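S.K.: Contents of structure-v8.cif (mmCIF, C-alpha atoms) are below:
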```cif
data_coords
loop_
_atom_site.label_atom_id
_atom_site.label_comp_id
_atom_site.auth_asym_id
_atom_site.auth_seq_id
_atom_site.Cartn_x
_atom_site.Cartn_y
_atom_site.Cartn_z
CA MET E 1 -84.55 18.09 -75.27
CA ARG E 2 -81.77 17.41 -77.78
CA LEU E 3 -82.92 13.77 -77.98
CA LEU E 4 -86.65 14.22 -77.42
CA ASP E 5 -87.20 17.17 -79.76
CA PRO E 6 -86.31 15.40 -83.05
CA MET E 7 -88.29 12.32 -81.98
CA LEU E 8 -91.44 14.37 -81.41
CA ARG E 9 -91.03 16.42 -84.60
CA LYS E 10 -90.86 13.21 -86.61
CA LEU E 11 -93.80 11.60 -84.80
CA LEU E 12 -96.40 14.32 -84.21
CA LYS E 13 -98.41 15.46 -87.22
CA ARG E 14 -101.93 15.34 -85.76
CA GLY E 15 -102.91 17.26 -82.63
CA GLU E 16 -101.03 19.90 -80.68
CA LEU E 17 -98.43 19.21 -78.02
CA THR E 18 -96.59 22.03 -76.26
CA ILE E 19 -93.64 21.34 -73.98
CA VAL E 20 -92.25 23.95 -71.63
CA GLY E 21 -88.70 23.07 -70.62
CA ASN E 22 -87.21 23.68 -67.21
CA ASP E 23 -85.34 26.61 -68.74
CA GLY E 24 -88.64 28.22 -69.78
CA LYS E 25 -88.14 27.53 -73.49
CA THR E 26 -91.29 26.45 -75.34
CA TYR E 27 -91.44 23.68 -77.97
CA ARG E 28 -94.52 23.14 -80.14
CA TYR E 29 -95.39 20.06 -82.17
CA GLY E 30 -98.12 18.92 -84.55
CA SER E 31 -101.12 20.83 -85.87
CA PRO E 32 -104.72 21.35 -84.72
CA ASP E 33 -107.00 18.32 -85.01
CA PRO E 34 -110.71 18.43 -84.05
CA GLU E 35 -110.49 14.87 -82.70
CA LEU E 36 -107.62 15.63 -80.32
CA LYS E 37 -107.43 18.04 -77.41
CA PRO E 38 -104.35 20.29 -77.15
CA VAL E 39 -101.91 19.20 -74.45
CA THR E 40 -99.30 21.30 -72.66
CA VAL E 41 -96.74 19.82 -70.29
CA TRP E 42 -94.05 21.41 -68.16
CA LEU E 43 -90.84 19.47 -67.65
CA LYS E 44 -89.64 20.71 -64.31
CA ASP E 45 -86.06 19.44 -64.37
CA GLY E 46 -83.37 19.02 -66.98
CA ARG E 47 -83.28 15.21 -66.90
CA ALA E 48 -87.02 14.65 -67.48
CA ALA E 49 -86.74 15.03 -71.26
CA PHE E 50 -83.87 12.53 -71.36
CA ASP E 51 -85.83 9.99 -69.31
CA ILE E 52 -88.81 10.29 -71.66
CA ALA E 53 -86.66 10.05 -74.80
CA ARG E 54 -84.94 6.93 -73.46
CA ASP E 55 -88.27 5.15 -72.94
CA PRO E 56 -91.35 7.29 -73.75
CA ALA E 57 -94.02 5.26 -71.93
CA LEU E 58 -91.97 4.41 -68.85
CA GLY E 59 -90.31 7.83 -68.75
CA THR E 60 -93.59 9.71 -69.07
CA VAL E 61 -95.38 7.87 -66.30
CA GLU E 62 -92.42 7.93 -63.91
CA THR E 63 -91.73 11.64 -64.39
CA TRP E 64 -95.46 12.31 -63.93
CA MET E 65 -95.60 10.14 -60.82
CA ASP E 66 -92.67 12.06 -59.38
CA ASP E 67 -94.24 15.43 -60.36
CA ARG E 68 -91.29 16.18 -62.63
CA LEU E 69 -93.75 16.32 -65.53
CA GLN E 70 -96.74 18.55 -64.89
CA LEU E 71 -99.87 18.62 -67.06
CA VAL E 72 -100.67 22.28 -67.65
CA GLU E 73 -103.37 21.74 -70.28
CA GLY E 74 -105.26 18.50 -70.84
CA GLU E 75 -105.17 15.31 -68.80
CA ILE E 76 -103.16 12.12 -69.02
CA VAL E 77 -105.59 10.37 -71.35
CA ASP E 78 -105.33 13.28 -73.80
CA LEU E 79 -101.55 12.93 -73.86
CA CYS E 80 -101.71 9.16 -74.37
CA LEU E 81 -104.23 9.52 -77.18
CA LEU E 82 -102.19 12.24 -78.89
CA ILE E 83 -99.16 9.95 -79.10
CA ARG E 84 -101.07 6.83 -80.07
CA ARG E 85 -103.20 8.57 -82.74
CA ASN E 86 -100.04 9.53 -84.60
CA ARG E 87 -99.05 5.88 -84.92
CA ARG E 88 -102.45 4.21 -85.42
CA TRP E 89 -102.02 0.50 -86.12
CA GLU E 90 -104.19 0.41 -89.25
CA GLU E 91 -102.22 3.24 -90.84
CA LEU E 92 -98.70 1.90 -90.35
CA ASP E 93 -96.89 -0.02 -93.05
CA ARG E 94 -94.11 -1.00 -90.66
CA PRO E 95 -93.64 -1.10 -86.88
CA ALA E 96 -93.24 2.34 -85.32
CA GLY E 97 -90.15 2.82 -83.21
CA PHE E 98 -91.28 5.54 -80.82
CA LEU E 99 -92.60 3.38 -77.99
CA LYS E 100 -89.86 1.09 -76.77
CA LYS E 101 -90.39 -2.65 -76.61
CA THR E 102 -88.60 -5.24 -74.56
CA ASN E 103 -86.08 -7.16 -76.65
CA ARG E 104 -86.85 -10.79 -77.44
CA LEU E 105 -84.42 -12.35 -74.96
CA ARG E 106 -85.57 -10.11 -72.11
CA HIS E 107 -89.18 -10.85 -73.06
CA LEU E 108 -88.60 -14.60 -72.84
CA LEU E 109 -86.94 -14.22 -69.45
CA ASN E 110 -89.63 -11.88 -68.12
CA THR E 111 -92.45 -14.19 -69.18
CA TYR E 112 -90.93 -17.50 -68.10
CA ASN E 113 -93.71 -18.00 -65.60
CA ARG E 114 -92.97 -21.02 -63.48
CA LYS E 115 -95.29 -21.58 -60.53
CA VAL E 116 -93.29 -19.45 -58.11
CA ASN E 117 -93.04 -16.61 -60.64
CA SER E 118 -96.75 -16.78 -61.38
CA ARG E 119 -97.64 -16.43 -57.70
CA LYS E 120 -95.40 -13.37 -57.32
CA ASN E 121 -96.70 -11.75 -60.51
CA VAL E 122 -100.34 -12.21 -59.55
CA ALA E 123 -99.72 -10.83 -56.05
CA HIS E 124 -98.04 -7.74 -57.55
CA HIS E 125 -101.22 -6.68 -59.33
CA TYR E 126 -104.20 -8.38 -57.72
CA ASP E 127 -103.20 -8.34 -54.06
CA VAL E 128 -102.79 -4.56 -53.77
CA GLY E 129 -106.13 -4.56 -51.96
CA ASN E 130 -109.73 -5.30 -52.88
CA ASP E 131 -110.79 -1.82 -51.81
CA LEU E 132 -108.84 -0.34 -54.71
CA TYR E 133 -110.76 -2.34 -57.30
CA ARG E 134 -114.07 -1.51 -55.64
CA GLN E 135 -113.36 2.11 -56.49
CA PHE E 136 -113.73 1.64 -60.24
CA LEU E 137 -115.16 -1.81 -61.08
CA ASP E 138 -118.83 -2.78 -61.15
CA PRO E 139 -120.34 -4.32 -57.97
CA ASP E 140 -119.71 -7.85 -59.33
CA MET E 141 -115.98 -7.02 -59.56
CA GLN E 142 -115.62 -7.97 -63.22
CA TYR E 143 -112.06 -7.00 -64.16
CA SER E 144 -112.19 -7.88 -67.86
CA CYS E 145 -113.75 -6.54 -71.03
CA GLY E 146 -117.50 -6.00 -70.88
CA TYR E 147 -119.88 -6.78 -73.75
CA PHE E 148 -121.79 -3.74 -74.95
CA THR E 149 -124.93 -4.87 -76.76
CA ASP E 150 -125.64 -1.14 -76.87
CA PRO E 151 -122.65 1.23 -76.61
CA SER E 152 -124.64 3.51 -74.32
CA ASN E 153 -125.20 0.77 -71.72
CA SER E 154 -123.82 1.13 -68.21
CA ILE E 155 -120.75 -0.85 -67.24
CA GLU E 156 -122.98 -2.88 -64.91
CA GLN E 157 -125.18 -3.99 -67.81
CA ALA E 158 -122.20 -4.61 -70.08
CA GLN E 159 -120.60 -6.94 -67.54
CA LEU E 160 -123.86 -8.80 -67.03
CA ASP E 161 -124.21 -9.19 -70.80
CA LYS E 162 -120.58 -10.34 -70.97
CA LYS E 163 -121.32 -13.20 -68.60
CA ALA E 164 -124.36 -14.25 -70.66
CA HIS E 165 -122.28 -14.02 -73.85
CA ILE E 166 -119.59 -16.27 -72.39
CA ALA E 167 -122.03 -18.73 -70.86
CA SER E 168 -123.78 -19.14 -74.21
CA LYS E 169 -120.54 -20.39 -75.78
CA LEU E 170 -120.08 -23.13 -73.19
CA TYR E 171 -123.17 -25.14 -74.24
CA LEU E 172 -124.02 -25.75 -70.59
CA GLN E 173 -126.31 -28.48 -69.28
CA PRO E 174 -127.66 -28.74 -65.69
CA GLY E 175 -125.46 -30.68 -63.31
CA GLN E 176 -122.26 -30.31 -65.29
CA LYS E 177 -118.91 -29.62 -63.65
CA VAL E 178 -117.14 -26.42 -64.71
CA VAL E 179 -113.70 -25.12 -63.84
CA ASP E 180 -113.03 -21.38 -64.01
CA ILE E 181 -109.27 -20.88 -64.41
CA GLY E 182 -108.36 -17.45 -63.08
CA CYS E 183 -111.71 -16.88 -61.39
CA GLY E 184 -111.08 -13.38 -60.06
CA TRP E 185 -113.50 -12.41 -57.30
CA GLY E 186 -115.89 -15.23 -58.23
CA GLY E 187 -118.56 -13.36 -60.16
CA LEU E 188 -118.62 -15.57 -63.24
CA ALA E 189 -118.57 -18.83 -61.26
CA LEU E 190 -121.53 -17.70 -59.18
CA TYR E 191 -123.35 -16.52 -62.30
CA LEU E 192 -122.91 -19.85 -64.12
CA ASN E 193 -124.26 -21.76 -61.13
CA ARG E 194 -127.20 -19.38 -60.85
CA VAL E 195 -128.34 -19.33 -64.47
CA ALA E 196 -127.28 -22.79 -65.71
CA ASP E 197 -127.50 -25.01 -62.59
CA VAL E 198 -123.89 -26.20 -62.85
CA ASP E 199 -121.22 -26.90 -60.24
CA VAL E 200 -118.16 -24.68 -60.50
CA LEU E 201 -114.61 -24.79 -59.16
CA GLY E 202 -112.85 -21.45 -59.42
CA VAL E 203 -109.08 -21.27 -59.05
CA THR E 204 -106.92 -18.19 -58.50
CA LEU E 205 -103.44 -17.32 -57.28
CA SER E 206 -104.65 -14.18 -55.50
CA LYS E 207 -105.30 -14.50 -51.77
CA GLU E 208 -107.31 -11.26 -51.81
CA GLN E 209 -109.59 -12.53 -54.58
CA LEU E 210 -109.96 -15.94 -52.96
CA ALA E 211 -111.22 -14.49 -49.68
CA VAL E 212 -113.91 -12.41 -51.39
CA ALA E 213 -114.99 -15.25 -53.70
CA ARG E 214 -115.47 -17.64 -50.80
CA GLU E 215 -117.38 -15.03 -48.82
CA ARG E 216 -119.70 -14.44 -51.76
CA ALA E 217 -120.38 -18.15 -52.24
CA ALA E 218 -121.18 -18.53 -48.54
CA ALA E 219 -123.46 -15.49 -48.57
CA ALA E 220 -125.34 -16.93 -51.56
CA GLY E 221 -125.69 -20.29 -49.80
CA VAL E 222 -123.95 -22.20 -52.62
CA SER E 223 -120.59 -23.10 -51.08
CA ASP E 224 -121.38 -26.76 -51.67
CA ARG E 225 -121.69 -26.16 -55.43
CA VAL E 226 -119.42 -23.18 -56.10
CA LYS E 227 -115.99 -23.68 -54.60
CA PHE E 228 -112.81 -21.67 -54.81
CA GLU E 229 -109.20 -22.72 -54.32
CA LEU E 230 -105.79 -21.04 -54.27
CA MET E 231 -104.26 -23.13 -57.02
CA ASP E 232 -102.05 -22.97 -60.10
CA TYR E 233 -103.79 -24.19 -63.25
CA ARG E 234 -101.01 -26.75 -63.72
CA ASP E 235 -102.11 -28.50 -60.51
CA LEU E 236 -105.73 -29.01 -61.54
CA GLU E 237 -107.11 -32.55 -61.78
CA GLY E 238 -110.24 -33.34 -63.79
CA PRO E 239 -112.36 -34.25 -65.42
CA PHE E 240 -114.54 -31.19 -65.95
CA ASP E 241 -117.31 -30.97 -68.51
CA ARG E 242 -116.44 -27.37 -69.24
CA VAL E 243 -113.36 -25.16 -68.91
CA VAL E 244 -113.63 -21.37 -68.93
CA SER E 245 -110.82 -18.86 -68.53
CA ILE E 246 -111.35 -15.10 -68.61
CA GLY E 247 -108.40 -12.71 -68.69
CA MET E 248 -105.89 -15.25 -67.46
CA PHE E 249 -104.20 -16.31 -70.71
CA GLU E 250 -102.36 -12.95 -70.75
CA HIS E 251 -100.46 -14.05 -67.63
CA LEU E 252 -99.18 -17.39 -68.98
CA GLY E 253 -96.08 -16.32 -70.88
CA THR E 254 -95.40 -17.62 -74.39
CA ARG E 255 -93.35 -20.55 -73.15
CA PHE E 256 -96.43 -21.94 -71.40
CA PHE E 257 -99.14 -21.55 -74.06
CA GLN E 258 -98.90 -25.20 -75.06
CA THR E 259 -98.66 -26.25 -71.40
CA PHE E 260 -101.97 -24.48 -70.80
CA PHE E 261 -103.72 -26.14 -73.74
CA ALA E 262 -102.33 -29.54 -72.76
CA LYS E 263 -103.92 -29.05 -69.35
CA VAL E 264 -107.23 -27.96 -70.93
CA LYS E 265 -107.25 -31.11 -73.07
CA GLU E 266 -106.39 -33.26 -70.05
CA LEU E 267 -109.24 -31.77 -67.99
CA LEU E 268 -111.93 -32.18 -70.65
CA PRO E 269 -113.81 -35.38 -71.54
CA PRO E 270 -114.19 -36.16 -75.27
CA ASP E 271 -117.43 -34.13 -75.47
CA GLY E 272 -116.06 -31.23 -73.41
CA VAL E 273 -116.05 -27.54 -74.32
CA ALA E 274 -113.60 -24.77 -73.38
CA LEU E 275 -113.94 -21.00 -73.73
CA ILE E 276 -110.86 -18.77 -73.58
CA HIS E 277 -111.29 -14.98 -73.32
CA THR E 278 -108.07 -13.03 -73.67
CA MET E 279 -106.69 -9.70 -74.75
CA GLY E 280 -104.51 -10.14 -77.81
CA ARG E 281 -102.80 -8.41 -80.68
CA MET E 282 -104.14 -8.11 -84.22
CA GLY E 283 -100.73 -8.36 -85.83
CA LYS E 284 -97.79 -10.67 -85.54
CA PRO E 285 -96.15 -11.75 -82.27
CA GLY E 286 -94.40 -9.05 -80.29
CA THR E 287 -93.20 -8.26 -76.78
CA THR E 288 -94.52 -6.38 -73.76
CA ASP E 289 -93.45 -2.78 -73.23
CA ARG E 290 -91.25 -2.02 -70.25
CA PHE E 291 -93.84 0.11 -68.47
CA MET E 292 -96.33 -2.76 -68.25
CA GLN E 293 -93.63 -5.28 -67.30
CA LYS E 294 -92.21 -3.13 -64.52
CA HIS E 295 -95.27 -1.52 -62.96
CA ILE E 296 -98.50 -3.30 -63.90
CA PHE E 297 -98.32 -6.91 -65.17
CA PRO E 298 -94.88 -8.42 -64.59
CA GLY E 299 -94.68 -11.61 -66.60
CA GLY E 300 -97.62 -10.59 -68.77
CA TYR E 301 -97.94 -10.72 -72.55
CA LEU E 302 -100.84 -10.15 -74.94
CA PRO E 303 -100.63 -12.92 -77.55
CA ALA E 304 -101.05 -12.79 -81.29
CA LEU E 305 -103.84 -15.03 -82.57
CA SER E 306 -101.24 -17.01 -84.52
CA GLU E 307 -99.44 -17.88 -81.27
CA ILE E 308 -102.63 -19.09 -79.63
CA ILE E 309 -103.61 -21.20 -82.62
CA LEU E 310 -100.15 -22.75 -82.95
CA ALA E 311 -100.17 -23.86 -79.31
CA SER E 312 -103.71 -25.29 -79.44
CA GLU E 313 -103.11 -27.04 -82.79
CA ARG E 314 -100.23 -28.97 -81.26
CA GLU E 315 -102.67 -30.40 -78.70
CA ARG E 316 -105.26 -31.26 -81.40
CA LEU E 317 -107.87 -28.99 -79.92
CA ILE E 318 -110.48 -27.78 -82.39
CA MET E 319 -111.16 -24.05 -82.52
CA ALA E 320 -114.89 -24.16 -83.17
CA ASP E 321 -115.60 -20.46 -82.78
CA CYS E 322 -113.49 -17.28 -82.77
CA GLU E 323 -114.80 -13.78 -82.06
CA ALA E 324 -112.76 -10.57 -81.96
CA LEU E 325 -114.22 -7.85 -79.73
CA ARG E 326 -112.78 -4.66 -81.21
CA MET E 327 -114.38 -1.69 -79.45
CA HIS E 328 -115.86 -3.24 -76.32
CA TYR E 329 -112.74 -2.73 -74.22
CA VAL E 330 -112.66 0.94 -75.21
CA TYR E 331 -116.07 1.44 -73.61
CA THR E 332 -115.12 -0.70 -70.62
CA LEU E 333 -111.89 1.18 -69.94
CA HIS E 334 -113.60 4.52 -70.41
CA ALA E 335 -116.04 3.64 -67.63
CA TRP E 336 -113.23 2.49 -65.34
CA TYR E 337 -111.09 5.54 -66.05
CA GLU E 338 -113.89 7.98 -65.29
CA ARG E 339 -114.73 6.23 -62.02
CA PHE E 340 -111.07 6.10 -61.11
CA LYS E 341 -110.83 9.86 -61.59
CA ALA E 342 -114.05 10.49 -59.69
CA ASN E 343 -112.71 8.50 -56.73
CA HIS E 344 -109.31 10.20 -56.68
CA ASP E 345 -109.44 11.22 -53.02
CA ALA E 346 -110.52 7.80 -51.78
CA ILE E 347 -107.78 6.05 -53.77
CA VAL E 348 -105.12 8.48 -52.58
CA GLU E 349 -106.24 7.79 -49.01
CA LEU E 350 -105.87 4.04 -49.65
CA HIS E 351 -102.47 4.43 -51.30
CA ASP E 352 -100.98 7.79 -52.31
CA GLU E 353 -100.87 10.29 -55.17
CA ARG E 354 -98.05 8.47 -56.97
CA PHE E 355 -100.08 5.27 -57.02
CA TRP E 356 -103.17 7.10 -58.31
CA ARG E 357 -101.12 8.58 -61.15
CA LEU E 358 -99.63 5.19 -62.00
CA TYR E 359 -103.03 3.52 -62.35
CA ALA E 360 -104.59 6.51 -64.10
CA PHE E 361 -101.83 6.28 -66.71
CA TYR E 362 -102.31 2.51 -66.96
CA LEU E 363 -106.04 2.86 -67.63
CA ALA E 364 -105.57 5.77 -70.04
CA ALA E 365 -102.77 4.09 -71.98
CA SER E 366 -104.74 0.85 -72.14
CA MET E 367 -107.70 2.69 -73.66
CA THR E 368 -105.52 3.96 -76.49
CA MET E 369 -104.22 0.45 -77.14
CA PHE E 370 -107.76 -0.42 -78.20
CA THR E 371 -108.65 2.84 -79.98
CA ASP E 372 -105.47 3.17 -82.02
CA GLY E 373 -103.05 0.40 -81.05
CA GLY E 374 -103.08 -3.17 -82.27
CA MET E 375 -105.02 -4.78 -79.42
CA VAL E 376 -108.40 -6.54 -79.37
CA VAL E 377 -110.12 -9.15 -77.20
CA TYR E 378 -110.46 -12.71 -78.49
CA GLN E 379 -113.07 -15.21 -77.37
CA LEU E 380 -112.11 -18.70 -78.56
CA GLN E 381 -114.22 -21.83 -78.19
CA TYR E 382 -112.39 -25.15 -78.20
CA LEU E 383 -113.60 -28.73 -78.56
CA ARG E 384 -111.93 -32.12 -78.33
CA ASN E 385 -114.52 -33.69 -80.62
CA ARG E 386 -116.03 -31.92 -83.65
CA ARG E 387 -119.47 -33.32 -82.74
CA ALA E 388 -119.47 -31.91 -79.19
CA THR E 389 -121.71 -28.93 -80.06
CA PRO E 390 -124.47 -28.31 -82.64
CA ILE E 391 -123.32 -27.59 -86.18
CA THR E 392 -124.72 -24.03 -86.23
CA ARG E 393 -124.29 -21.15 -83.78
CA ASN E 394 -128.03 -20.87 -83.10
CA TYR E 395 -127.66 -22.52 -79.70
CA MET E 396 -125.37 -19.67 -78.64
CA LEU E 397 -127.94 -17.05 -79.61
CA ASP E 398 -130.74 -18.96 -77.88
CA ASP E 399 -128.75 -19.52 -74.68
CA GLU E 400 -127.52 -15.93 -74.56
CA THR E 401 -131.11 -14.71 -74.70
CA ARG E 402 -132.22 -17.24 -72.10
CA PHE E 403 -129.40 -16.46 -69.68
CA GLY E 404 -129.84 -12.73 -70.18
CA GLU E 405 -133.53 -12.89 -69.45
CA SER E 406 -132.95 -14.97 -66.32
CA GLU E 407 -131.21 -12.02 -64.66
CA LEU E 408 -132.97 -8.74 -64.06
CA ARG E 409 -131.39 -5.83 -65.86
CA THR E 410 -129.25 -3.93 -63.42
CA PRO E 411 -130.18 -0.38 -62.44
CA GLU E 412 -128.12 2.46 -63.77
CA PRO E 413 -125.30 3.34 -61.35
CA ALA E 414 -125.10 6.58 -59.47
CA PRO E 415 -123.72 9.14 -61.90
CA HIS E 416 -120.02 9.93 -61.90
CA PRO E 417 -118.67 13.11 -63.43
CA VAL E 418 -117.82 12.24 -67.03
CA HIS E 419 -115.71 14.38 -69.33
CA GLN E 420 -116.71 14.11 -72.96
CA SER E 421 -114.06 12.47 -75.08
CA GLU E 422 -113.83 10.15 -78.01
CA PHE E 423 -113.88 7.26 -75.55
CA ALA E 424 -117.48 7.99 -74.60
CA PRO E 425 -119.65 5.31 -76.24
CA GLN E 426 -121.52 6.50 -79.30
CA LYS E 427 -124.44 4.76 -80.93
#
```
Just give me the structure of the file as structure tokens.

M.R.:
Amino acid sequence: MRLLDPMLRKLLKRGELTIVGNDGKTYRYGSPDPELKPVTVWLKDGRAAFDIARDPALGTVETWMDDRLQLVEGEIVDLCLLIRRNRRWEELDRPAGFLKKTNRLRHLLNTYNRKVNSRKNVAHHYDVGNDLYRQFLDPDMQYSCGYFTDPSNSIEQAQLDKKAHIASKLYLQPGQKVVDIGCGWGGLALYLNRVADVDVLGVTLSKEQLAVARERAAAAGVSDRVKFELMDYRDLEGPFDRVVSIGMFEHLGTRFFQTFFAKVKELLPPDGVALIHTMGRMGKPGTTDRFMQKHIFPGGYLPALSEIILASERERLIMADCEALRMHYVYTLHAWYERFKANHDAIVELHDERFWRLYAFYLAASMTMFTDGGMVVYQLQYLRNRRATPITRNYMLDDETRFGESELRTPEPAPHPVHQSEFAPQK
């Protein structure tokens, strides 16, 4: 505690954190805050405090996974929120030093995602088994930020509205060819074919995702129009009238941002349209923390908008529309986190308790990145020719309504036990 104690006393002003050391000594930090639940943890061995002080995010999750850190009061999301609230992005005048970041050289090495690295990185996260993701995603297996036209909507409705929102920005016409780079389990590709009468090629590096996507296309009787391949984006050959990529840009690595946009430009005809949906940071460029690099998204990085723009400018792609979704991922992650908790026993049976704790921490920490950290979701529309779409955004609004009305509103899901927290959507 000699290292951790001064760090926490400097950091914690809001909310109450109590730590019980392995020697029985009690340490108290912060002050009561109506927005934050009190948290008490027991550090069960003498080295746990050192491991946390050395790298707070990585140390906390690994000591919790190993049951060396025990939550006596509160749950893991309460602990994550307590830390993040005391270093809220909007309130800082300089970077906070509590959560450790990867240094620049290590970041560049970690995110140098050649084809072989990309395949390994994708398998690490997405090939852990489809049954895991079925435990907390919606039935369409949308593993990216939903779009909450009403914050009280179900996650099912938010993901359906997300697909309509994205489709509206593609300015789709019947019979066009679309490529979905990083197609996941195929839900968006099937949706675009269904509502806009387009042909879609979805590409992924995940064998688990590929199998499900192909099964879904066959079951829908559209395998001749919606196809899926195990393929790196760098191997694609066009042309395609439209390019869409949802939640894949985060896996490129900074060295390959321009490579990606060069490929997008190569795939599109002069009147083509691309839509990129990615998590990103509101501030300047940074690096990925060591917890995410080691356990969740090796090779991953959430880009600053300036980095995206610089790479696309070099390829003379026109950013015709930019939208920042600020709170939508909070509501999305809240729904996932609650379902993940509700399905604890099933997930432990699939994997084990350590794995459940790892992913619970990942979902909880990710929520706080969007409530108090510097992360948002960007949706960026790109053109090769400034005349490729109408000069106002009215077509987007019209198409979003049309696509939304073409699909029946989904029924509310079976209720899961939900603990009230600030993550619960409020009107």

S.K.: Taking the file as shown, find all residues satisfying the PyMOL selection byres ((chain E and resi 65) around 10) and write them as a compact mmCIF listing (two decimals) with C-alpha atoms, in the coordinates of the input.

M.R.:
```txt
# COMPACT_ATOMS: atom_id res chain seq x y z
CA GLY E 59 -90.31 7.83 -68.75
CA THR E 60 -93.59 9.71 -69.07
CA VAL E 61 -95.38 7.87 -66.30
CA GLU E 62 -92.42 7.93 -63.91
CA THR E 63 -91.73 11.64 -64.39
CA TRP E 64 -95.46 12.31 -63.93
CA ASP E 66 -92.67 12.06 -59.38
CA ASP E 67 -94.24 15.43 -60.36
CA ARG E 68 -91.29 16.18 -62.63
CA LEU E 69 -93.75 16.32 -65.53
CA GLN E 70 -96.74 18.55 -64.89
CA GLU E 353 -100.87 10.29 -55.17
CA ARG E 354 -98.05 8.47 -56.97
CA PHE E 355 -100.08 5.27 -57.02
CA TRP E 356 -103.17 7.10 -58.31
CA ARG E 357 -101.12 8.58 -61.15
CA LEU E 358 -99.63 5.19 -62.00
CA PHE E 361 -101.83 6.28 -66.71
```

S.K.: For the file shown, report as a CSV table (one decimal) with C-alpha atoms, keeping the file's coordinate frame the outcome of the PyMOL selection byres ((chain E and resi 140) around 12) at residue level.

M.R.:
```
chain,number,residue,atom,x,y,z
E,133,TYR,CA,-110.8,-2.3,-57.3
E,134,ARG,CA,-114.1,-1.5,-55.6
E,136,PHE,CA,-113.7,1.6,-60.2
E,137,LEU,CA,-115.2,-1.8,-61.1
E,138,ASP,CA,-118.8,-2.8,-61.2
E,139,PRO,CA,-120.3,-4.3,-58.0
E,141,MET,CA,-116.0,-7.0,-59.6
E,142,GLN,CA,-115.6,-8.0,-63.2
E,143,TYR,CA,-112.1,-7.0,-64.2
E,144,SER,CA,-112.2,-7.9,-67.9
E,146,GLY,CA,-117.5,-6.0,-70.9
E,155,ILE,CA,-120.8,-0.8,-67.2
E,156,GLU,CA,-123.0,-2.9,-64.9
E,157,GLN,CA,-125.2,-4.0,-67.8
E,158,ALA,CA,-122.2,-4.6,-70.1
E,159,GLN,CA,-120.6,-6.9,-67.5
E,160,LEU,CA,-123.9,-8.8,-67.0
E,162,LYS,CA,-120.6,-10.3,-71.0
E,163,LYS,CA,-121.3,-13.2,-68.6
E,184,GLY,CA,-111.1,-13.4,-60.1
E,185,TRP,CA,-113.5,-12.4,-57.3
E,186,GLY,CA,-115.9,-15.2,-58.2
E,187,GLY,CA,-118.6,-13.4,-60.2
E,188,LEU,CA,-118.6,-15.6,-63.2
E,189,ALA,CA,-118.6,-18.8,-61.3
E,190,LEU,CA,-121.5,-17.7,-59.2
E,191,TYR,CA,-123.4,-16.5,-62.3
E,212,VAL,CA,-113.9,-12.4,-51.4
E,213,ALA,CA,-115.0,-15.2,-53.7
E,216,ARG,CA,-119.7,-14.4,-51.8
E,410,THR,CA,-129.2,-3.9,-63.4
```

S.K.: Report, in Å to a single decimal, how far apart CA of Arg85 in chain E and CA of Met367 in chain E are.

M.R.: 11.7 Å

S.K.: So that I can see what lies close to range 389-404 of chain E, please list as a PDB file with C-alpha atoms, in the coordinates of the input the residues with an atom at most 6 Å from it, counting only C-alpha atoms and leaving out residues fewer than 5 positions away in the same chain.

M.R.:
```
ATOM      1  CA  ALA E 164    -124.360 -14.250 -70.660  1.00  0.00           C
ATOM      2  CA  HIS E 165    -122.280 -14.020 -73.850  1.00  0.00           C
ATOM      3  CA  SER E 168    -123.780 -19.140 -74.210  1.00  0.00           C
ATOM      4  CA  LYS E 169    -120.540 -20.390 -75.780  1.00  0.00           C
TER       5      LYS E 169
END
```

S.K.: Take CA of Gln381 in chain E and CA of Pro269 in chain E and report the distance between them in Å, one decimal.

M.R.: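 So the two atoms, CA of Gln381 in chain E and CA of Pro269 in chain E, lie 15.1 Å apart.
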
S.K.: Please write the residues picked by the PyMOL selection byres ((chain E and resi 387) around 12) on this file as a list of chain:residue names.

M.R.: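 That selection, the PyMOL selection byres ((chain E and resi 387) around 12), comes back as E:Pro270, E:Asp271, E:Gly272, E:Val273, E:Ile318, E:Ala320, E:Tyr382, E:Leu383, E:Arg384, E:Asn385, E:Arg386, E:Ala388, E:Thr389, E:Pro390, E:Ile391, E:Thr392.
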
S.K.: Give as a list in words the set of residues within 9 Å of the point (-106.1, -15.8, -84.9), where distances use the file's coordinates and all atoms listed in the file.

M.R.: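 Looking at atoms near the point gives Met282, Ala304, Leu305, Ser306, Glu307, Ile308, Ile309, Cys322, Ala324 and Tyr378 of chain E.
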
S.K.: Find the residues near Phe249 in chain E: any atom within 10 Å, counting only C-alpha atoms, skip ones fewer than 2 places away on the same chain, and give them as a VMD selection string.

M.R.: chain E and resid 181 to 182 245 to 247 251 to 254 256 to 257 260 276 to 280 300 to 303 308
